[in-house]
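A.B. asks: This is the structure I have questions about; it appears just below.
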Amino acid sequence: MIRHGSLRLRLFILILTPLVLLAILLGYWRYTVAQQTAQELFDDSLLSAGLAISRDVAISEGDALSPTTRSLIRDASGGEIFYHVTGPGGIYVTGYAYPPASANPSKQDAYQPQFFEAVYRDETVRVLKMTERITLDNLVGDATVTAWQRIADRNAFANELSIRATILMGILLTTLAIVVWFGVARGLRPLLDLQDAIDQRSPDDLGEIKRPVPFEVRGIVQTLNRLFGQVEQSINAHQVFISEAAHQLRNPAAAVQSMAEALRDAQTDSDRDKRIVELVAAAKNSATVAEQLLSLERLRLPTHQDQMETIDFRSVVEEACAEMGVHILAKGIEFEVTMPDSSITVAGDRVFLTEAIKNLLDNSMKHGGTELTKILVVLQRDRDTARLSVADDGVGLSPDQSDTAFSRFSQLEPSEGSGLGLSIVSAVAQRHGGQVSINRTEQGASLTLELPVVH
């Protein structure tokens, strides 16, 4: 939910979670310190009460405690203080009859105050035992004062302090949570305004977002603007392609219709046979144009590296030349293929590469003119590049005509071609990280397809 839910909730949780954990640690530390501080303060209070009792006993010779000492005993912060006093020889002087005793008597100096915990009337108590030299009725000796308090009273006091600190911390956290919740909402308002602005756009509006946004969101807006630009370019290119494709398909379709009508109106068998041959040629031409248009559309799709396979480019050239060689030789054109003995490995799509080679050969056949007598195919490796050259002795083609030659639906001279062959070759080369170029030659045309070699 945090990953895919509300960004406001995500920020709220990310901000408050460490603060809550810190509050828990601080609360535990505060509780521990409160317990330790209460122990020290209460022990000091117990010691003060013990000293006051010892003083009063010495002054009054055991008769009574002063009002101040009684008030101190009764109103001590750790709870009521109980006491027991014995004079020289262990004679009972005043206080409660039976004081609590330590389970493990200390061997330290007898005149040093001793603190320990014991059980008195089924309650855990904190006990102070101190011994002083006093004089009672002209009798000099040691007097022992034992004072104690209930641990439960002390803990209740310490817990009250901890609860107060916890309540204060809870109020602060609650206030902080409210501030963070509404503060995050206010901080995200530019994003919501940006969303509203995009929602109000029409589907045809792919212009740049020019709304001022915070620095942290500028990267997202720039990415959106870049994406809008790419989508707009893609849509425009697609619309141009559809328009051009419709125009190019209109002519073959009209030719097929015209040939069919001529066949229907043929008066003689010889005329009918002639019209049938023309109709078949027109249908083949229409199918070729449709197939080339589909190839261009497939080449528009993005290519991922994992979709490429490692193939032997030499075998691709052999396959394409074997298929096209039949048609070339049938027209009485000399056809020669030269390839190296070792394989040339490239990363690519076998179908597209085969189609590119066939289009190079088909371009020589259709645009070579009446002067065409020979087509030469040469495959070689130049370091990290595979070079496939297709040359002919027909109508010349110079590098200055590259823009026109590789553009879709464009022809240097009227011919039976559709003007898509070399544009398909160029698209295949770009898809495979290579290039196709027109070579400068004295006679005919020479084109070279270059692809990177895989080691």
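Letters for chains follow the order of the structure tokens (A, B, ...), residue numbers begin at 1 for each chain, and ligand numbers begin at 1 in the order shown.
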Going by DSSP on the backbone, which residues of region 122-260 of chain A come out as helix (DSSP H, G or I)? List them as number ranges by chain.
C.D. replies: A: 151-187, 189-199, 215-260
A.B. asks: Those selected residues, please, written with C-alpha atoms and delivered as a short mmCIF file (atom, residue, chain, number, x, y, z; two decimals), in the first residue's frame.
C.D. replies:
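Result file result20.cif:
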```cif
data_model
loop_
_atom_site.label_atom_id
_atom_site.label_comp_id
_atom_site.auth_asym_id
_atom_site.auth_seq_id
_atom_site.Cartn_x
_atom_site.Cartn_y
_atom_site.Cartn_z
CA ILE A 151 9.20 0.56 47.11
CA ALA A 152 5.66 0.65 45.72
CA ASP A 153 5.26 4.27 46.81
CA ARG A 154 8.55 5.17 45.20
CA ASN A 155 7.67 3.39 41.93
CA ALA A 156 4.27 5.06 41.84
CA PHE A 157 5.94 8.45 42.10
CA ALA A 158 8.49 7.57 39.38
CA ASN A 159 5.74 6.18 37.15
CA GLU A 160 3.76 9.35 37.56
CA LEU A 161 6.74 11.34 36.33
CA SER A 162 7.15 8.97 33.36
CA ILE A 163 3.45 9.15 32.51
CA ARG A 164 3.58 12.92 32.50
CA ALA A 165 6.59 12.85 30.16
CA THR A 166 4.81 10.28 27.93
CA ILE A 167 1.66 12.39 27.74
CA LEU A 168 3.73 15.45 26.84
CA MET A 169 5.59 13.47 24.16
CA GLY A 170 2.31 12.08 22.82
CA ILE A 171 0.87 15.58 22.54
CA LEU A 172 3.97 16.72 20.67
CA LEU A 173 3.82 13.73 18.29
CA THR A 174 0.12 14.24 17.65
CA THR A 175 0.68 17.91 16.93
CA LEU A 176 3.59 17.01 14.64
CA ALA A 177 1.49 14.38 12.83
CA ILE A 178 -1.25 16.93 12.16
CA VAL A 179 1.28 19.49 10.93
CA VAL A 180 3.00 16.90 8.70
CA TRP A 181 -0.28 15.58 7.27
CA PHE A 182 -1.56 19.01 6.23
CA GLY A 183 1.95 20.26 5.43
CA VAL A 184 2.52 17.40 2.98
CA ALA A 185 -0.86 18.10 1.40
CA ARG A 186 0.12 21.73 0.93
CA GLY A 187 3.53 20.73 -0.40
CA ARG A 189 -0.51 21.02 -4.17
CA PRO A 190 1.70 21.94 -7.19
CA LEU A 191 1.52 18.30 -8.31
CA LEU A 192 -2.26 18.31 -7.99
CA ASP A 193 -2.43 21.59 -9.93
CA LEU A 194 -0.21 20.02 -12.60
CA GLN A 195 -2.54 17.01 -12.75
CA ASP A 196 -5.57 19.28 -13.16
CA ALA A 197 -3.81 21.19 -15.93
CA ILE A 198 -3.02 17.97 -17.81
CA ASP A 199 -6.57 16.64 -17.29
CA PHE A 215 12.50 22.19 -8.56
CA GLU A 216 11.94 18.56 -7.50
CA VAL A 217 9.23 18.10 -10.15
CA ARG A 218 11.04 19.77 -13.04
CA GLY A 219 12.64 16.47 -14.08
CA ILE A 220 9.21 14.83 -14.36
CA VAL A 221 7.84 17.75 -16.38
CA GLN A 222 10.87 17.71 -18.69
CA THR A 223 10.42 13.97 -19.21
CA LEU A 224 6.72 14.47 -19.96
CA ASN A 225 7.52 17.25 -22.43
CA ARG A 226 10.08 15.04 -24.14
CA LEU A 227 7.58 12.18 -24.26
CA PHE A 228 4.87 14.47 -25.65
CA GLY A 229 7.29 15.61 -28.34
CA GLN A 230 8.18 12.04 -29.27
CA VAL A 231 4.52 11.02 -29.36
CA GLU A 232 3.66 14.03 -31.51
CA GLN A 233 6.49 13.21 -33.92
CA SER A 234 5.40 9.59 -34.05
CA ILE A 235 1.78 10.54 -34.72
CA ASN A 236 2.79 12.99 -37.43
CA ALA A 237 5.10 10.44 -39.05
CA HIS A 238 2.36 7.82 -38.85
CA GLN A 239 -0.17 10.16 -40.46
CA VAL A 240 2.27 11.05 -43.23
CA PHE A 241 2.99 7.37 -43.76
CA ILE A 242 -0.72 6.51 -43.98
CA SER A 243 -1.29 9.35 -46.41
CA GLU A 244 1.61 8.33 -48.62
CA ALA A 245 0.70 4.64 -48.39
CA ALA A 246 -2.88 5.37 -49.44
CA HIS A 247 -1.58 7.37 -52.39
CA GLN A 248 0.85 4.63 -53.44
CA LEU A 249 -1.73 1.85 -53.11
CA ARG A 250 -4.25 3.80 -55.17
CA ASN A 251 -2.21 3.43 -58.38
CA PRO A 252 -1.70 -0.38 -58.21
CA ALA A 253 -5.33 -0.85 -57.22
CA ALA A 254 -6.46 1.31 -60.12
CA ALA A 255 -4.17 -0.64 -62.45
CA VAL A 256 -5.61 -3.98 -61.30
CA GLN A 257 -9.14 -2.64 -61.77
CA SER A 258 -8.27 -1.33 -65.23
CA MET A 259 -6.70 -4.62 -66.28
CA ALA A 260 -9.69 -6.54 -64.98
#
```
A.B. asks: In Å, rounded to a single decimal, give me how far CA of Lys374 (chain A) is from CA of Gly396 (chain A).
C.D. replies: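 Between CA of Gly396 (chain A) and CA of Lys374 (chain A) the gap is 13.2 Å.
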A.B. asks: List the neighbours of Val127 (chain A) out to 8 Å using only C-alpha atoms; skip same-chain residues closer than 4 positions along the sequence, and give me the result as a PyMOL selection string.
C.D. replies: chain A and resi 100+114-118+146-149
A.B. asks: Using C-alpha atoms, can you export the residues from the last selection as a PDB file, in the first residue's frame?
C.D. replies:
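Here's the written file result_15.pdb:
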```
ATOM      1  CA  PRO A 100      13.307  -4.983  58.513  1.00  0.00           C
ATOM      2  CA  GLN A 114      23.848   1.276  54.496  1.00  0.00           C
ATOM      3  CA  PHE A 115      21.051   1.011  51.938  1.00  0.00           C
ATOM      4  CA  PHE A 116      19.386  -2.277  51.080  1.00  0.00           C
ATOM      5  CA  GLU A 117      16.048  -3.745  50.091  1.00  0.00           C
ATOM      6  CA  ALA A 118      14.079  -6.046  52.319  1.00  0.00           C
ATOM      7  CA  THR A 146      16.778   2.198  60.806  1.00  0.00           C
ATOM      8  CA  ALA A 147      14.460   4.042  58.400  1.00  0.00           C
ATOM      9  CA  TRP A 148      12.527   2.540  55.509  1.00  0.00           C
ATOM     10  CA  GLN A 149       9.988   3.326  52.785  1.00  0.00           C
TER      11      GLN A 149
END
```
A.B. asks: Of the candidates A:Ile375, A:Leu9, A:Glu309, A:Val351, which shows the shortest atom-to-atom distance to Glu334 (chain A), using only C-alpha atoms?
C.D. replies: A:Ile375
A.B. asks: Which residues are close to Leu46 (chain A), i.e. within 9 Å by only C-alpha atoms, leaving aside same-chain residues fewer than 3 positions away? Reply as a VMD selection string.
C.D. replies: chain A and resid 41 to 43 49 to 51 73 76 78 81 126 to 128 147 to 149
A.B. asks: To one decimal place, how far is CA of Ser407 (chain A) from CA of Ile424 (chain A) in Å?
C.D. replies: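 Value for the CA of Ser407 (chain A)-CA of Ile424 (chain A) distance: 9.3 Å.
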A.B. asks: Near Lys331 (chain A), within 12 Å and counting only C-alpha atoms, which residues show up once chain neighbours fewer than 3 positions away are dropped, as an MDAnalysis selection string?
C.D. replies: chainID A and resid 324:328 334:335 365:366 370 372:375
A.B. asks: Please determine, counting only C-alpha atoms, which residue among A:Val454, A:Ile59, A:Ile209, A:Val119 has the shortest atom-to-atom distance to Asp312 (chain A).
C.D. replies: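 Counting only C-alpha atoms, the residue closest to Asp312 (chain A) is A:Val454.
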A.B. asks: Quote the spacing between CA of Arg70 (chain A) and CA of Ala97 (chain A) in Å to one decimal place.
C.D. replies: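 Between CA of Arg70 (chain A) and CA of Ala97 (chain A) the gap is 17.5 Å.
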A.B. asks: Fewer than 2 positions away in the same chain doesn't count, so skip those; otherwise give me all residues within 10 Å of Asp393 (chain A), counting only C-alpha atoms, as a list in words.
C.D. replies: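 Counting only the stated atoms, we get Ser364, Gly368, Gly369, Glu371, Leu372, Thr373, Lys374, Ile375, Leu376, Ala391, Val395, Gly396, Thr441, Glu442, Gln443, Gly444, Ala445 and Ser446 of chain A.
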A.B. asks: Quick one: write out the picked residues with N, CA and C atoms as a compact mmCIF listing (two decimals), in the first residue's frame?
C.D. replies:
```txt
# COMPACT_ATOMS: atom_id res chain seq x y z
N SER A 364 18.63 -2.87 -58.20
CA SER A 364 19.50 -2.92 -59.39
C SER A 364 18.75 -3.41 -60.61
N GLY A 368 18.20 -0.40 -63.17
CA GLY A 368 19.42 -0.49 -63.97
C GLY A 368 19.22 -0.05 -65.41
N GLY A 369 17.98 -0.08 -65.84
CA GLY A 369 17.68 0.35 -67.22
C GLY A 369 18.08 -0.69 -68.25
N GLU A 371 20.64 -0.66 -70.07
CA GLU A 371 22.08 -0.87 -70.14
C GLU A 371 22.57 -1.95 -69.17
N LEU A 372 21.69 -2.40 -68.29
CA LEU A 372 22.09 -3.36 -67.27
C LEU A 372 22.40 -4.72 -67.88
N THR A 373 23.62 -5.23 -67.63
CA THR A 373 24.02 -6.57 -68.11
C THR A 373 24.64 -7.41 -67.01
N LYS A 374 25.00 -6.77 -65.89
CA LYS A 374 25.73 -7.52 -64.85
C LYS A 374 25.43 -6.94 -63.47
N ILE A 375 25.26 -7.83 -62.49
CA ILE A 375 25.12 -7.45 -61.07
C ILE A 375 26.17 -8.22 -60.28
N LEU A 376 26.94 -7.50 -59.47
CA LEU A 376 28.03 -8.10 -58.69
C LEU A 376 27.77 -7.89 -57.21
N ALA A 391 26.79 -4.00 -56.81
CA ALA A 391 27.14 -3.09 -57.91
C ALA A 391 26.57 -3.61 -59.22
N VAL A 395 22.18 2.10 -65.12
CA VAL A 395 22.08 3.56 -64.97
C VAL A 395 22.86 4.00 -63.73
N GLY A 396 23.63 5.01 -63.86
CA GLY A 396 24.47 5.45 -62.75
C GLY A 396 23.69 6.03 -61.58
N THR A 441 31.21 5.69 -58.30
CA THR A 441 31.76 4.76 -59.28
C THR A 441 31.66 5.37 -60.67
N GLU A 442 32.55 4.92 -61.58
CA GLU A 442 32.58 5.48 -62.93
C GLU A 442 31.41 5.01 -63.77
N GLN A 443 30.94 3.79 -63.56
CA GLN A 443 29.85 3.26 -64.37
C GLN A 443 28.85 2.54 -63.47
N GLY A 444 27.57 2.70 -63.76
CA GLY A 444 26.52 2.01 -63.04
C GLY A 444 26.33 2.55 -61.62
N ALA A 445 25.79 1.70 -60.79
CA ALA A 445 25.48 2.06 -59.39
C ALA A 445 26.13 1.06 -58.45
N SER A 446 26.54 1.54 -57.27
CA SER A 446 27.16 0.67 -56.25
C SER A 446 26.70 1.14 -54.88
```
A.B. asks: Would you mind writing down, as a list of chain:residue names, each residue of region 77-111 of chain A that DSSP on the backbone assigns to strand (DSSP E or B)?
C.D. replies: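 Answer for region 77-111 of chain A restricted to strand (DSSP E or B) is A:Phe82, A:Tyr83, A:His84, A:Val85, A:Thr86, A:Tyr92, A:Val93, A:Thr94, A:Gly95.
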A.B. asks: Those selected residues, please, written with N, CA and C atoms and delivered as a PDB file, in the first residue's frame.
C.D. replies:
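Saved to result_4.pdb:
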```
ATOM      1  N   PHE A  82       9.114   5.058  57.774  1.00  0.00           N
ATOM      2  CA  PHE A  82       9.022   4.346  59.050  1.00  0.00           C
ATOM      3  C   PHE A  82      10.427   4.268  59.643  1.00  0.00           C
ATOM      4  N   TYR A  83      10.481   4.196  60.978  1.00  0.00           N
ATOM      5  CA  TYR A  83      11.821   4.213  61.589  1.00  0.00           C
ATOM      6  C   TYR A  83      11.830   3.358  62.852  1.00  0.00           C
ATOM      7  N   HIS A  84      13.045   3.009  63.251  1.00  0.00           N
ATOM      8  CA  HIS A  84      13.290   2.240  64.473  1.00  0.00           C
ATOM      9  C   HIS A  84      14.660   2.667  64.991  1.00  0.00           C
ATOM     10  N   VAL A  85      14.707   3.043  66.324  1.00  0.00           N
ATOM     11  CA  VAL A  85      15.955   3.541  66.905  1.00  0.00           C
ATOM     12  C   VAL A  85      16.307   2.697  68.135  1.00  0.00           C
ATOM     13  N   THR A  86      17.575   2.273  68.185  1.00  0.00           N
ATOM     14  CA  THR A  86      18.088   1.565  69.366  1.00  0.00           C
ATOM     15  C   THR A  86      19.269   2.339  69.911  1.00  0.00           C
ATOM     16  N   TYR A  92      15.993  -0.633  72.905  1.00  0.00           N
ATOM     17  CA  TYR A  92      14.975   0.033  72.099  1.00  0.00           C
ATOM     18  C   TYR A  92      14.731   1.422  72.644  1.00  0.00           C
ATOM     19  N   VAL A  93      14.739   2.437  71.729  1.00  0.00           N
ATOM     20  CA  VAL A  93      14.554   3.814  72.144  1.00  0.00           C
ATOM     21  C   VAL A  93      13.194   4.337  71.692  1.00  0.00           C
ATOM     22  N   THR A  94      12.956   4.272  70.368  1.00  0.00           N
ATOM     23  CA  THR A  94      11.692   4.793  69.831  1.00  0.00           C
ATOM     24  C   THR A  94      11.452   4.207  68.442  1.00  0.00           C
ATOM     25  N   GLY A  95      10.229   4.479  67.899  1.00  0.00           N
ATOM     26  CA  GLY A  95       9.895   4.025  66.553  1.00  0.00           C
ATOM     27  C   GLY A  95       9.135   2.716  66.568  1.00  0.00           C
TER      28      GLY A  95
END
```
A.B. asks: Pick out the residues sitting within 6 Å of Ala143 (chain A), and hand them over as a list in words; count only C-alpha atoms, and ignore anything fewer than 6 positions along from it in its own chain.
C.D. replies: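 Contacts, with the query itself left out: Thr86, Gly87, Pro88, Thr131 and Glu132 of chain A.
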